[in-house]
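What follows is a set of notes on a single structure, which appears directly below.
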Amino acid sequence: MSTDPAHSLGDAFGVPLGGAVAEVDGGLHAAQIDPRALVDDAWRELRGHLRTVLAGAGVDELAAEELTVLPGVEELLALAEVRRLAATGPWDVVVVDCGPTAETLRLLALPEALGSYLERLFPTHRRVVRGLLAGLAGSTSVERWDATADALGRLAESLEQLRGLLTSPATSVRLVLTPERVVAAETRRTVTALALQGIRVDGVVANRLVPHPGAARGAAATWLRTRRAEQDAVLATLADLGAVRTVEHRAGEPVGLPALLEIAAALYGDGDPLEGAAAQGPLVDVVRVDDEYELRLAVAVGDSDLELVRVGDDLAVTVDGRRKLVALPSLLRRCVVVGAELDDTGLAVRFRPDPDLWMR
């Protein structure tokens with residue numbers, strides 16, 4: 001299925017696709033998610049409840065209407081539809097074709113970001129939510145606000161399920177790039193950004209490699225040889241990300257199942273395309289080293305700008321402007337940070353027990 005607003009999945013298969021799942025071939029089904037239709041169907045109820053809350057708090061009707069237009073709701077509902085279809089269908093594997101990098105990173109970050117926002121605005125405990133809503137509206141009608149609390153509770157539950165889906169060991173991301181230096185640098189930042197969200201990358205595919213001219217001579221062959229050498233040099237810089245599978249640029253546009261199967265054969269041969277898709281080890285791990293503890297984050301930082309800040313019971317990790325709050329285990333909350341190190345496996349932050357904190 002595709003969450004890309006460009007809706008190119010049907011074009012690639014050479015068949016018309018819509019929001020409903022359709023069989024493209026024996027055992028192969030596909031769909032192009034239409035987030036605008038989902039907004040009309042799924043968001044209307046909660047928007048109505050939120051307008052009621054805002055109106056009860058003294059916000060005029062027009063402002064309440066504007067405030068309930070939540071940025072990113074279309075992408076969020078598209079992701080929820082992916083989860084629904086993955087959970088309800090008889091599929092062995094679900095492959096999601098996402099949009100460009102920036103859009104996809106924003107899409108995958110939405111459940112955690114919105115879930116955190118919702119938790120701060122409307123705490124989990126039902127009575128707290130109900131009391132807050134009733135206090136905002138100045139009303140003693142409990143039933144009226146129960147409906148809103150229930151709607152918010154369902155939204156929070158859905159966000160938690162989406163986060164669970166994205167960080168599940170059964171979920172991974174496969175990046176597709178063109179072998180260019182700028183794109184390779186962006187790919188590295190993408191791997192780090194996904195790792196900060198607890199999402200694993202299981203492989204990289206390099207598309208549109210210039211065919212190698214072999215021993216051919218002439219200006220055209222020289223150009224191809226030079227360009228291919230540049231592309232190979234770029235791919236060599238990504239070797240530490242694991243095996244990079246490659247597809248050469250083809251004269252004909254790969255549209256339709258026969259052409260796509262040819263690309264599949266070039267990529268995977270007789271191997272299993274899902275090999276290595278399962279996550280390897282936890283993103284966050286705590287180990288004891290002598291009298292200290294190490295919080296290890298499996299995040300490849302490389303040459304990126306890294307900032308670490310202790311914020312209460314959280315560790316704020318910022319890489320290239322992308323921030324991740326890592327909730328510290330109770331054991332480390334009574335410790336102080338004494339250092340941090342980077343290596344090929346990621347980031348290790350050292351903690352030492354604080355006697356004053358342990359006495360409390």
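So you can find residues: chains in the structure tokens are A, B, ... in the order shown, residues in each start at 1, and ligands are numbered from 1 in order.
For A:Leu196, the list of residues within 8 Å, based on only C-alpha atoms and with local chain neighbours fewer than 5 positions off taken out, reads Val299, Arg323 and Lys324 of chain A.
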| Test item, strand (DSSP E or B) assignment across stretch 289-322 of chain A, answer as a VMD selection string | chain A and resid 289 292 to 297 306 to 311 314 to 319 322
Across A:Glu186, A:Val234, A:Ala264, A:Leu331, the smallest distance to A:Pro100, with only C-alpha atoms counted, is shown by A:Glu186
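As for atom CA of A:Pro254 and atom CA of A:Gly10, they are spaced 12.5 Å apart.
Our summary of the geometry notes that atom CA of A:Arg250 is positioned 10.8 Å from atom CA of A:Glu262.
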Every residue of stretch 142-266 of chain A that DSSP places in alpha helix (DSSP H), as a PyMOL selection string: chain A and resi 142-166+181-196+219-236+257-266
